[in-house]
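This is structure.cif. It holds mmCIF, C-alpha atoms and all ligand atoms.
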data_start
loop_
_atom_site.group_PDB
_atom_site.id
_atom_site.type_symbol
_atom_site.label_atom_id
_atom_site.label_comp_id
_atom_site.auth_asym_id
_atom_site.auth_seq_id
_atom_site.Cartn_x
_atom_site.Cartn_y
_atom_site.Cartn_z
ATOM 1 C CA MET N 1 0.000 0.000 0.000
ATOM 2 C CA ASN N 2 1.293 3.473 -0.875
ATOM 3 C CA ARG N 3 1.841 5.714 2.115
ATOM 4 C CA PRO N 4 -0.839 8.414 2.263
ATOM 5 C CA ASN N 5 0.470 11.951 1.976
ATOM 6 C CA ILE N 6 -0.640 14.417 4.647
ATOM 7 C CA VAL N 7 0.320 18.096 4.752
ATOM 8 C CA VAL N 8 -0.234 19.877 8.067
ATOM 9 C CA VAL N 9 -0.168 23.676 8.130
ATOM 10 C CA GLY N 10 0.090 24.814 11.720
ATOM 11 C CA SER N 11 1.844 25.648 14.945
ATOM 12 C CA LEU N 12 4.867 24.380 16.829
ATOM 13 C CA ASN N 13 5.188 25.149 20.542
ATOM 14 C CA MET N 14 7.500 24.245 23.357
ATOM 15 C CA ASP N 15 5.102 22.935 26.005
ATOM 16 C CA ILE N 16 6.092 23.959 29.510
ATOM 17 C CA VAL N 17 4.112 21.477 31.542
ATOM 18 C CA ILE N 18 3.672 21.880 35.293
ATOM 19 C CA GLU N 19 2.168 19.029 37.284
ATOM 20 C CA ALA N 20 0.321 20.155 40.408
ATOM 21 C CA ALA N 21 -2.254 18.750 42.813
ATOM 22 C CA ARG N 22 -4.784 21.386 41.799
ATOM 23 C CA SER N 23 -5.038 24.615 39.818
ATOM 24 C CA PRO N 24 -4.465 27.850 41.773
ATOM 25 C CA GLN N 25 -7.166 30.476 42.307
ATOM 26 C CA MET N 26 -6.588 33.857 40.623
ATOM 27 C CA GLY N 27 -3.962 35.714 42.711
ATOM 28 C CA GLU N 28 -2.885 32.557 44.576
ATOM 29 C CA THR N 29 0.554 30.861 44.499
ATOM 30 C CA ILE N 30 0.779 27.106 44.970
ATOM 31 C CA MET N 31 3.670 24.649 44.816
ATOM 32 C CA GLY N 32 3.837 22.321 41.813
ATOM 33 C CA LYS N 33 5.279 18.803 41.728
ATOM 34 C CA LEU N 34 7.222 18.619 38.445
ATOM 35 C CA ALA N 35 8.054 20.748 35.400
ATOM 36 C CA HIS N 36 8.712 19.410 31.886
ATOM 37 C CA PHE N 37 9.789 21.063 28.633
ATOM 38 C CA ILE N 38 8.368 18.942 25.796
ATOM 39 C CA PRO N 39 7.487 19.448 22.115
ATOM 40 C CA GLY N 40 3.913 20.467 21.382
ATOM 41 C CA GLY N 41 1.766 22.803 19.310
ATOM 42 C CA LYS N 42 -1.381 21.591 17.591
ATOM 43 C CA GLY N 43 0.215 21.543 14.141
ATOM 44 C CA ALA N 44 3.322 19.651 15.240
ATOM 45 C CA ASN N 45 1.314 17.238 17.396
ATOM 46 C CA GLN N 46 -0.954 16.392 14.470
ATOM 47 C CA ALA N 47 2.029 16.004 12.150
ATOM 48 C CA VAL N 48 3.814 13.650 14.572
ATOM 49 C CA ALA N 49 0.653 11.595 15.031
ATOM 50 C CA ALA N 50 0.109 11.306 11.259
ATOM 51 C CA ALA N 51 3.746 10.309 10.714
ATOM 52 C CA ARG N 52 3.614 7.632 13.439
ATOM 53 C CA LEU N 53 0.507 6.194 11.786
ATOM 54 C CA GLY N 54 2.565 5.795 8.621
ATOM 55 C CA ALA N 55 1.711 8.865 6.537
ATOM 56 C CA ASP N 56 4.313 10.703 4.519
ATOM 57 C CA THR N 57 3.945 13.935 6.493
ATOM 58 C CA LYS N 58 5.003 17.543 5.884
ATOM 59 C CA LEU N 59 4.492 20.429 8.294
ATOM 60 C CA ILE N 60 4.367 24.022 7.062
ATOM 61 C CA GLY N 61 5.037 26.265 10.059
ATOM 62 C CA ALA N 62 7.495 28.584 11.794
ATOM 63 C CA VAL N 63 9.810 28.536 14.814
ATOM 64 C CA GLY N 64 12.207 31.087 16.266
ATOM 65 C CA ASN N 65 15.927 30.892 15.619
ATOM 66 C CA ASP N 66 16.470 29.790 19.221
ATOM 67 C CA GLY N 67 17.080 26.744 21.411
ATOM 68 C CA PHE N 68 13.412 25.763 21.653
ATOM 69 C CA GLY N 69 13.065 26.065 17.864
ATOM 70 C CA PHE N 70 16.015 23.723 17.299
ATOM 71 C CA GLN N 71 14.628 21.197 19.787
ATOM 72 C CA LEU N 72 11.228 21.218 18.069
ATOM 73 C CA LEU N 73 12.795 20.705 14.637
ATOM 74 C CA GLN N 74 14.881 17.834 16.008
ATOM 75 C CA SER N 75 11.804 16.197 17.469
ATOM 76 C CA LEU N 76 10.044 16.388 14.081
ATOM 77 C CA LYS N 77 13.083 14.855 12.377
ATOM 78 C CA ASN N 78 13.137 12.061 14.981
ATOM 79 C CA ASN N 79 9.584 11.274 13.898
ATOM 80 C CA GLY N 80 10.527 11.141 10.214
ATOM 81 C CA ILE N 81 9.037 14.507 9.301
ATOM 82 C CA ASP N 82 10.734 16.652 6.678
ATOM 83 C CA THR N 83 11.465 20.019 8.345
ATOM 84 C CA ASN N 84 12.389 21.951 5.177
ATOM 85 C CA THR N 85 8.943 23.507 5.182
ATOM 86 C CA VAL N 86 9.342 24.903 8.713
ATOM 87 C CA LYS N 87 10.678 28.450 8.590
ATOM 88 C CA GLN N 88 13.180 29.693 11.205
ATOM 89 C CA VAL N 89 12.512 33.321 12.061
ATOM 90 C CA ASP N 90 15.178 35.657 13.484
ATOM 91 C CA GLY N 91 14.407 38.000 16.362
ATOM 92 C CA ILE N 92 11.223 36.336 17.583
ATOM 93 C CA SER N 93 10.915 33.443 19.987
ATOM 94 C CA THR N 94 9.458 30.037 19.332
ATOM 95 C CA GLY N 95 5.820 29.550 20.344
ATOM 96 C CA ILE N 96 5.249 28.527 23.942
ATOM 97 C CA ALA N 97 2.377 26.791 25.684
ATOM 98 C CA SER N 98 2.112 26.967 29.445
ATOM 99 C CA ILE N 99 0.237 23.843 30.497
ATOM 100 C CA LEU N 100 -1.013 23.099 33.993
ATOM 101 C CA LEU N 101 -1.819 19.428 34.605
ATOM 102 C CA ALA N 102 -4.019 18.917 37.632
ATOM 103 C CA ASN N 103 -6.775 16.460 38.533
ATOM 104 C CA ARG N 104 -6.264 14.533 35.269
ATOM 105 C CA ASP N 105 -7.180 17.602 33.239
ATOM 106 C CA ASN N 106 -5.283 20.551 31.804
ATOM 107 C CA GLN N 107 -5.359 24.322 31.382
ATOM 108 C CA ILE N 108 -3.331 25.790 28.509
ATOM 109 C CA VAL N 109 -2.168 29.308 27.672
ATOM 110 C CA VAL N 110 -0.383 29.717 24.326
ATOM 111 C CA VAL N 111 1.956 32.558 23.339
ATOM 112 C CA SER N 112 2.194 32.454 19.528
ATOM 113 C CA GLY N 113 5.733 33.796 19.041
ATOM 114 C CA ALA N 114 7.005 32.648 15.643
ATOM 115 C CA ASN N 115 3.716 30.894 14.830
ATOM 116 C CA ALA N 116 2.311 34.364 14.126
ATOM 117 C CA GLU N 117 4.916 34.650 11.340
ATOM 118 C CA CYS N 118 3.624 31.623 9.442
ATOM 119 C CA SER N 119 2.383 33.624 6.490
ATOM 120 C CA VAL N 120 0.275 33.443 3.346
ATOM 121 C CA GLN N 121 3.549 33.618 1.362
ATOM 122 C CA ASP N 122 4.829 30.548 3.212
ATOM 123 C CA VAL N 123 1.896 28.425 2.080
ATOM 124 C CA GLU N 124 2.063 29.908 -1.432
ATOM 125 C CA ARG N 125 5.764 29.008 -1.585
ATOM 126 C CA HIS N 126 4.892 25.403 -0.763
ATOM 127 C CA GLU N 127 1.995 25.066 -3.207
ATOM 128 C CA THR N 128 3.614 22.067 -4.957
ATOM 129 C CA ILE N 129 3.759 20.213 -1.638
ATOM 130 C CA ILE N 130 0.081 20.936 -0.997
ATOM 131 C CA ALA N 131 -0.695 19.812 -4.558
ATOM 132 C CA GLN N 132 0.821 16.381 -3.758
ATOM 133 C CA ALA N 133 -1.188 15.842 -0.569
ATOM 134 C CA ASP N 134 -4.072 13.442 -0.084
ATOM 135 C CA VAL N 135 -5.278 15.475 2.898
ATOM 136 C CA VAL N 136 -4.451 18.982 4.160
ATOM 137 C CA LEU N 137 -4.890 19.333 7.910
ATOM 138 C CA LEU N 138 -5.361 22.757 9.516
ATOM 139 C CA GLN N 139 -5.894 24.281 12.978
ATOM 140 C CA LEU N 140 -6.130 27.852 14.315
ATOM 141 C CA GLU N 141 -2.840 28.540 16.133
ATOM 142 C CA ILE N 142 -1.441 30.424 13.116
ATOM 143 C CA PRO N 143 -2.909 33.568 11.484
ATOM 144 C CA ILE N 144 -6.380 33.034 10.034
ATOM 145 C CA GLU N 145 -5.304 34.532 6.646
ATOM 146 C CA THR N 146 -2.677 31.769 6.429
ATOM 147 C CA VAL N 147 -5.263 29.112 7.234
ATOM 148 C CA MET N 148 -7.533 30.563 4.542
ATOM 149 C CA ALA N 149 -4.727 30.666 1.979
ATOM 150 C CA ALA N 150 -3.849 27.037 2.711
ATOM 151 C CA ALA N 151 -7.495 25.982 2.348
ATOM 152 C CA ARG N 152 -7.853 27.958 -0.909
ATOM 153 C CA ILE N 153 -4.722 26.441 -2.441
ATOM 154 C CA ALA N 154 -5.738 22.963 -1.295
ATOM 155 C CA LYS N 155 -9.194 23.334 -2.849
ATOM 156 C CA CYS N 156 -7.672 24.668 -6.096
ATOM 157 C CA HIS N 157 -5.907 21.284 -6.281
ATOM 158 C CA SER N 158 -9.078 19.386 -5.231
ATOM 159 C CA LYS N 159 -7.533 18.233 -1.955
ATOM 160 C CA LEU N 160 -9.518 17.090 1.068
ATOM 161 C CA VAL N 161 -9.290 19.813 3.735
ATOM 162 C CA ILE N 162 -9.797 19.107 7.437
ATOM 163 C CA LEU N 163 -10.004 22.056 9.847
ATOM 164 C CA ASN N 164 -9.679 21.483 13.572
ATOM 165 C CA PRO N 165 -11.109 24.836 14.793
ATOM 166 C CA ALA N 166 -8.897 25.103 17.874
ATOM 167 C CA PRO N 167 -8.332 27.363 19.712
ATOM 168 C CA ALA N 168 -11.912 28.446 19.051
ATOM 169 C CA CYS N 169 -12.702 31.627 17.170
ATOM 170 C CA LYS N 170 -15.473 32.781 14.845
ATOM 171 C CA LEU N 171 -14.724 31.723 11.278
ATOM 172 C CA PRO N 172 -15.313 33.651 8.042
ATOM 173 C CA LYS N 173 -18.013 32.102 5.848
ATOM 174 C CA GLU N 174 -15.538 31.804 2.965
ATOM 175 C CA LEU N 175 -13.346 29.548 5.097
ATOM 176 C CA LEU N 176 -16.268 27.331 6.110
ATOM 177 C CA GLN N 177 -17.090 26.839 2.441
ATOM 178 C CA LEU N 178 -13.546 25.626 1.745
ATOM 179 C CA ILE N 179 -13.634 22.976 4.463
ATOM 180 C CA ASP N 180 -14.517 19.338 3.768
ATOM 181 C CA VAL N 181 -14.400 18.143 7.358
ATOM 182 C CA LEU N 182 -14.700 20.409 10.428
ATOM 183 C CA THR N 183 -13.825 18.877 13.801
ATOM 184 C CA PRO N 184 -14.906 21.124 16.693
ATOM 185 C CA ASN N 185 -15.179 19.983 20.277
ATOM 186 C CA ARG N 186 -18.341 20.876 22.153
ATOM 187 C CA SER N 187 -17.253 24.372 23.258
ATOM 188 C CA GLU N 188 -15.805 25.210 19.828
ATOM 189 C CA LEU N 189 -19.082 24.124 18.240
ATOM 190 C CA GLN N 190 -20.938 26.403 20.636
ATOM 191 C CA LEU N 191 -18.726 29.372 19.788
ATOM 192 C CA LEU N 192 -18.966 28.730 16.038
ATOM 193 C CA THR N 193 -22.740 28.434 16.008
ATOM 194 C CA GLY N 194 -23.899 30.487 18.995
ATOM 195 C CA LEU N 195 -26.001 27.479 20.032
ATOM 196 C CA ALA N 196 -25.775 26.073 23.565
ATOM 197 C CA THR N 197 -24.759 22.519 22.710
ATOM 198 C CA GLN N 198 -24.951 21.293 26.325
ATOM 199 C CA GLU N 199 -28.707 21.442 26.082
ATOM 200 C CA GLY N 200 -29.191 18.587 23.684
ATOM 201 C CA ASN N 201 -29.181 20.520 20.413
ATOM 202 C CA LEU N 202 -25.909 19.117 19.187
ATOM 203 C CA LYS N 203 -27.493 18.006 15.927
ATOM 204 C CA GLU N 204 -29.033 21.449 15.326
ATOM 205 C CA ALA N 205 -25.636 23.100 15.876
ATOM 206 C CA MET N 206 -23.872 20.661 13.541
ATOM 207 C CA LEU N 207 -26.562 21.090 10.880
ATOM 208 C CA SER N 208 -26.233 24.874 11.088
ATOM 209 C CA LEU N 209 -22.564 24.553 10.071
ATOM 210 C CA LYS N 210 -23.535 22.275 7.218
ATOM 211 C CA LEU N 211 -25.965 24.951 6.051
ATOM 212 C CA GLN N 212 -23.054 27.422 6.036
ATOM 213 C CA GLY N 213 -21.196 25.219 3.567
ATOM 214 C CA VAL N 214 -19.115 22.731 5.587
ATOM 215 C CA GLU N 215 -19.277 19.348 3.884
ATOM 216 C CA ARG N 216 -18.903 17.090 6.964
ATOM 217 C CA ILE N 217 -18.839 17.808 10.697
ATOM 218 C CA VAL N 218 -17.364 15.596 13.404
ATOM 219 C CA THR N 219 -17.735 16.778 17.009
ATOM 220 C CA THR N 220 -15.424 15.402 19.683
ATOM 221 C CA LEU N 221 -17.136 14.994 23.047
ATOM 222 C CA GLY N 222 -14.236 14.087 25.373
ATOM 223 C CA SER N 223 -15.117 11.179 27.640
ATOM 224 C CA GLU N 224 -18.509 10.891 25.871
ATOM 225 C CA GLY N 225 -16.855 9.974 22.569
ATOM 226 C CA SER N 226 -17.713 11.700 19.294
ATOM 227 C CA ALA N 227 -20.606 12.468 16.975
ATOM 228 C CA PHE N 228 -20.851 12.997 13.236
ATOM 229 C CA LEU N 229 -23.529 13.734 10.675
ATOM 230 C CA ASP N 230 -23.978 10.914 8.174
ATOM 231 C CA GLU N 231 -24.834 11.314 4.456
ATOM 232 C CA VAL N 232 -28.546 11.768 5.187
ATOM 233 C CA GLY N 233 -27.943 14.326 7.941
ATOM 234 C CA LYS N 234 -28.618 11.867 10.784
ATOM 235 C CA ILE N 235 -26.429 12.266 13.847
ATOM 236 C CA GLN N 236 -24.362 9.186 14.728
ATOM 237 C CA PHE N 237 -22.636 8.755 18.104
ATOM 238 C CA LEU N 238 -19.513 6.752 18.873
ATOM 239 C CA PRO N 239 -18.763 6.116 22.571
ATOM 240 C CA ALA N 240 -15.240 6.781 23.867
ATOM 241 C CA HIS N 241 -12.945 3.865 24.675
ATOM 242 C CA ARG N 242 -12.449 3.364 28.390
ATOM 243 C CA VAL N 243 -8.698 3.667 29.009
ATOM 244 C CA PRO N 244 -6.544 4.760 31.968
ATOM 245 C CA VAL N 245 -5.951 8.472 31.300
ATOM 246 C CA MET N 246 -2.411 9.638 32.023
ATOM 247 C CA ASP N 247 -2.494 12.974 30.128
ATOM 248 C CA SER N 248 -5.260 14.254 27.867
ATOM 249 C CA THR N 249 -3.060 16.991 26.298
ATOM 250 C CA GLY N 250 -3.071 16.400 22.546
ATOM 251 C CA ALA N 251 -6.087 14.054 22.573
ATOM 252 C CA GLY N 252 -7.818 16.241 19.981
ATOM 253 C CA ASP N 253 -4.643 16.358 17.898
ATOM 254 C CA ALA N 254 -4.417 12.564 17.923
ATOM 255 C CA PHE N 255 -8.078 12.365 16.867
ATOM 256 C CA ASN N 256 -7.580 14.788 13.965
ATOM 257 C CA ALA N 257 -4.482 13.009 12.703
ATOM 258 C CA GLY N 258 -6.266 9.663 12.934
ATOM 259 C CA LEU N 259 -9.196 11.058 10.985
ATOM 260 C CA ALA N 260 -6.874 12.552 8.348
ATOM 261 C CA TYR N 261 -4.962 9.286 7.991
ATOM 262 C CA ALA N 262 -8.101 7.160 7.676
ATOM 263 C CA LEU N 263 -9.714 9.502 5.144
ATOM 264 C CA ALA N 264 -6.464 9.637 3.188
ATOM 265 C CA VAL N 265 -6.555 5.833 2.843
ATOM 266 C CA LYS N 266 -10.168 6.178 1.621
ATOM 267 C CA LYS N 267 -12.049 4.884 4.638
ATOM 268 C CA SER N 268 -15.666 6.011 5.017
ATOM 269 C CA LEU N 269 -16.397 8.811 7.486
ATOM 270 C CA ALA N 270 -17.844 6.309 10.000
ATOM 271 C CA GLU N 271 -14.735 4.106 9.751
ATOM 272 C CA ALA N 272 -12.468 7.162 9.973
ATOM 273 C CA VAL N 273 -14.185 8.430 13.150
ATOM 274 C CA ASP N 274 -13.845 4.966 14.675
ATOM 275 C CA PHE N 275 -10.124 4.848 13.762
ATOM 276 C CA ALA N 276 -9.579 8.400 15.085
ATOM 277 C CA SER N 277 -11.216 7.579 18.409
ATOM 278 C CA ARG N 278 -8.818 4.643 18.858
ATOM 279 C CA VAL N 279 -5.797 6.838 18.061
ATOM 280 C CA SER N 280 -6.981 9.393 20.588
ATOM 281 C CA ALA N 281 -7.713 6.760 23.265
ATOM 282 C CA LEU N 282 -4.195 5.374 22.973
ATOM 283 C CA ALA N 283 -2.627 8.854 23.008
ATOM 284 C CA VAL N 284 -4.055 9.782 26.413
ATOM 285 C CA THR N 285 -2.593 6.710 28.110
ATOM 286 C CA LYS N 286 0.892 8.263 27.993
ATOM 287 C CA PHE N 287 2.365 11.534 29.245
ATOM 288 C CA GLY N 288 3.018 14.399 26.784
ATOM 289 C CA ALA N 289 1.193 15.694 23.721
ATOM 290 C CA GLN N 290 3.450 13.960 21.191
ATOM 291 C CA ASN N 291 4.927 11.171 23.279
ATOM 292 C CA GLY N 292 1.702 9.149 23.366
ATOM 293 C CA MET N 293 0.895 9.276 19.651
ATOM 294 C CA PRO N 294 0.507 5.618 18.609
ATOM 295 C CA THR N 295 1.763 3.746 15.544
ATOM 296 C CA ARG N 296 -0.702 2.113 13.136
ATOM 297 C CA ASP N 297 0.291 -1.314 14.516
ATOM 298 C CA GLU N 298 -0.616 -0.189 18.021
ATOM 299 C CA VAL N 299 -3.991 1.091 16.778
ATOM 300 C CA GLU N 300 -4.677 -2.177 14.962
ATOM 301 C CA LYS N 301 -3.662 -4.245 17.996
ATOM 302 C CA PHE N 302 -5.918 -2.090 20.179
ATOM 303 C CA LYS N 303 -8.799 -2.759 17.754
ATOM 304 C CA VAL N 304 -8.315 -6.523 18.026
ATOM 305 C CA GLU N 305 -8.149 -6.349 21.829
ATOM 306 C CA ARG N 306 -11.282 -4.194 22.063
ATOM 307 C CA ASP N 307 -13.631 -5.713 19.473
HETATM 308 O O1 LIG L 1 -3.550 20.440 21.630
HETATM 309 C C1 LIG L 1 -2.529 20.454 22.591
HETATM 310 C C2 LIG L 1 -1.564 21.542 22.283
HETATM 311 O O2 LIG L 1 -2.194 22.785 22.456
HETATM 312 C C3 LIG L 1 -0.355 21.590 23.192
HETATM 313 O O3 LIG L 1 0.704 20.781 22.742
HETATM 314 C C4 LIG L 1 -0.019 23.064 23.240
HETATM 315 O O4 LIG L 1 1.172 23.400 22.599
HETATM 316 C C5 LIG L 1 -1.205 23.777 22.607
HETATM 317 O O5 LIG L 1 -0.915 24.224 21.361
#

Would you mind writing the structure in this file as structure tokens?
Amino acid sequence: MNRPNIVVVGSLNMDIVIEAARSPQMGETIMGKLAHFIPGGKGANQAVAAARLGADTKLIGAVGNDGFGFQLLQSLKNNGIDTNTVKQVDGISTGIASILLANRDNQIVVVSGANAECSVQDVERHETIIAQADVVLLQLEIPIETVMAAARIAKCHSKLVILNPAPACKLPKELLQLIDVLTPNRSELQLLTGLATQEGNLKEAMLSLKLQGVERIVTTLGSEGSAFLDEVGKIQFLPAHRVPVMDSTGAGDAFNAGLAYALAVKKSLAEAVDFASRVSALAVTKFGAQNGMPTRDEVEKFKVERD
């Protein structure tokens, strides 16, 4: 089987992860247990996950010309990802995410740094790479104009475009119309649609995005699993796999990469959501956003054990 080709356009961050017993109140200082400096960023996490699944993966992005930037590039290389499409920017620091891990959950604050320099010209310069992709995978930690340019170029070449709308922000209608698969979580769906999705109108919210031009919508629901609209507009639910959760950072990134991989190898949307939920379940059993990303063999073994 040929390796599917996935191009990710997105962020790279150094994750500064603090483990603590609880999160502090505003204005309070507490003592943490451990601190870690590990590679992260939604774009890089999704690229690493896609590469570990076996995709030929490229990441278009930007880092600073600094120590963190070099470490992030090295980590991509260690995962078999070509880093020629990651720009090194002078005079601006690499993106940083401050992550607090407490009570098996996380709080994240991102400072864009060089990610803000990932420009329209950068994606235009790499048009031939986008033209060779089976799937183009996007998120929102780089400028929205860059995301739009990547989606436009990808559609010009009839590529499948997946947008993970995280961190959440309102999206221009033109962008929605360029997206084949949108993958919000519950709160992102709420922000995108203005509909309170906690109150049982998940389907209404997802349909409202479809009416705005998004081809397919998959909503991730954390421990409740995921939901997607099938071809006839019926909502289908997939429960989450019960696994021991070590660190949920990057769970959404694992899901998106799994979905991209499965769609790139021409699985149906239902099969792709099932595959993605297994990738994500395995990812949260290990510490670190990228560290837990599973290989395709691990996903297949997990399927045999579970079914
Ligand atoms: O999705 C998880 C990622 O969000 C972290 O790795 C962090 O860098 C932030 O971008």

- Could I get the residue neighbourhood of ligand LIG 1 (chain L) at 7 Å, counting only C-alpha atoms and all ligand atoms, as a VMD selection string? chain N and resid 12 to 15 39 to 42 45 96 to 97 108 110 249 to 253 289

Output C-alpha atoms of each residue in that selection to a file, as a compact mmCIF listing (two decimals), keeping the file's coordinate frame.
# COMPACT_ATOMS: atom_id res chain seq x y z
CA LEU N 12 4.87 24.38 16.83
CA ASN N 13 5.19 25.15 20.54
CA MET N 14 7.50 24.24 23.36
CA ASP N 15 5.10 22.94 26.00
CA PRO N 39 7.49 19.45 22.12
CA GLY N 40 3.91 20.47 21.38
CA GLY N 41 1.77 22.80 19.31
CA LYS N 42 -1.38 21.59 17.59
CA ASN N 45 1.31 17.24 17.40
CA ILE N 96 5.25 28.53 23.94
CA ALA N 97 2.38 26.79 25.68
CA ILE N 108 -3.33 25.79 28.51
CA VAL N 110 -0.38 29.72 24.33
CA THR N 249 -3.06 16.99 26.30
CA GLY N 250 -3.07 16.40 22.55
CA ALA N 251 -6.09 14.05 22.57
CA GLY N 252 -7.82 16.24 19.98
CA ASP N 253 -4.64 16.36 17.90
CA ALA N 289 1.19 15.69 23.72

- Hey, what's within 8 Å of N:Lys33 if we count only C-alpha atoms and toss same-chain stuff fewer than 3 positions away? As a PyMOL selection string, please? chain N and resi 18-21

- Message: Since I can't run it myself right now, could you work out what the PyMOL selection byres (((chain N and resi 256) around 10) and not hetatm) selects here and report it as number ranges by chain?
- Response: N: 42, 45-47, 49-50, 137-139, 162-164, 182-183, 218, 220, 250-255, 257-262, 272-273, 276-277, 279-280

- Expanded to explicit residues, what is the PyMOL selection byres (((chain N and resi 197-211) around 9) and not hetatm) for this file, as a PyMOL selection string? chain N and resi 176+182+186-187+189-190+192-196+212-219+227-229+233-235

- What lies within 6 Å of N:Thr57 using all atoms listed in the file, ignoring chain neighbours under 4 positions off, as a VMD selection string? chain N and resid 6 to 7 51 81

- Message: Rounded to one decimal, what separation in Å do you get between atom CA of N:Cys169 and atom CA of N:Met148?
- Response: 13.7 Å

- Message: Calculated over only C-alpha atoms, which of the candidates N:Ile144, N:Gly32, N:Thr285, N:His126 has the smallest distance to N:Leu171?
- Response: N:Ile144

Around all listed atoms of stretch 198-209 of chain N, padded 4 Å per side, what centre and edge lengths does the axis-aligned box have in Å to one decimal, as JSON?
{"center_x": -25.9, "center_y": 21.4, "center_z": 18.2, "size_x": 14.6, "size_y": 14.9, "size_z": 24.3}

- Query: If you count only C-alpha atoms, which residues fall within 6 Å of N:Ser112, apart from same-chain ones fewer than 2 positions away, as a VMD selection string?
  - Reply: chain N and resid 95 115 to 116

Just write the chosen residues, C-alpha atoms, as a short mmCIF file (atom, residue, chain, number, x, y, z; two decimals), in the coordinates of the input.
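This is the output file out.cif:
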data_model
loop_
_atom_site.label_atom_id
_atom_site.label_comp_id
_atom_site.auth_asym_id
_atom_site.auth_seq_id
_atom_site.Cartn_x
_atom_site.Cartn_y
_atom_site.Cartn_z
CA GLY N 95 5.82 29.55 20.34
CA ASN N 115 3.72 30.89 14.83
CA ALA N 116 2.31 34.36 14.13
#

- Identify which of the residues N:Ala55, N:Val89, N:Ala154, N:Val161 lies closest to N:Phe70, counting only C-alpha atoms when measuring atom-to-atom distances. N:Val89

- Message: Could you list, as a ChimeraX atom specification, every residue within 7 Å of N:Ala240, counting all atoms listed in the file and ignoring same-chain residues fewer than 4 positions away?
- Response: /N:223-225,277

Write the residues of the selection above to a file with C-alpha atoms, as a PDB file, in the frame of the given file.
ATOM      1  CA  SER N 223     -15.117  11.179  27.640  1.00  0.00           C
ATOM      2  CA  GLU N 224     -18.509  10.891  25.871  1.00  0.00           C
ATOM      3  CA  GLY N 225     -16.855   9.974  22.569  1.00  0.00           C
ATOM      4  CA  SER N 277     -11.216   7.579  18.409  1.00  0.00           C
TER       5      SER N 277
END

- Message: Once the PyMOL selection byres (((chain N and resi 9) around 8) and not hetatm) is applied to the coordinates I shared, what remains selected? I want it as a list in words.
- Response: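 With the shown file as input, the PyMOL selection byres (((chain N and resi 9) around 8) and not hetatm) matches Val7, Val8, Gly10, Ser11, Gly43, Leu59, Ile60, Gly61, Val123, Val136, Leu137, Leu138, Gln139, Val147 and Ala150 of chain N.
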
- For atom CA of N:Arg52 and atom CA of N:Ser248, quote the distance in Å rounded to one decimal. 18.2 Å

- For N:Lys159, work out the shell of residues within 12 Å, counting only C-alpha atoms and skipping chain neighbours fewer than 2 positions away, then give it as JSON, numbers by chain. {"N": [5, 6, 7, 127, 129, 130, 131, 132, 133, 134, 135, 136, 137, 150, 151, 152, 153, 154, 155, 156, 157, 161, 162, 178, 179, 180, 181, 260, 263, 264]}

- Task: Kindly give the distance, in Å, that separates atom CA of N:Leu76 and atom CA of N:Glu145, rounded to a single decimal.
- Result: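 It comes out at 24.9 Å.
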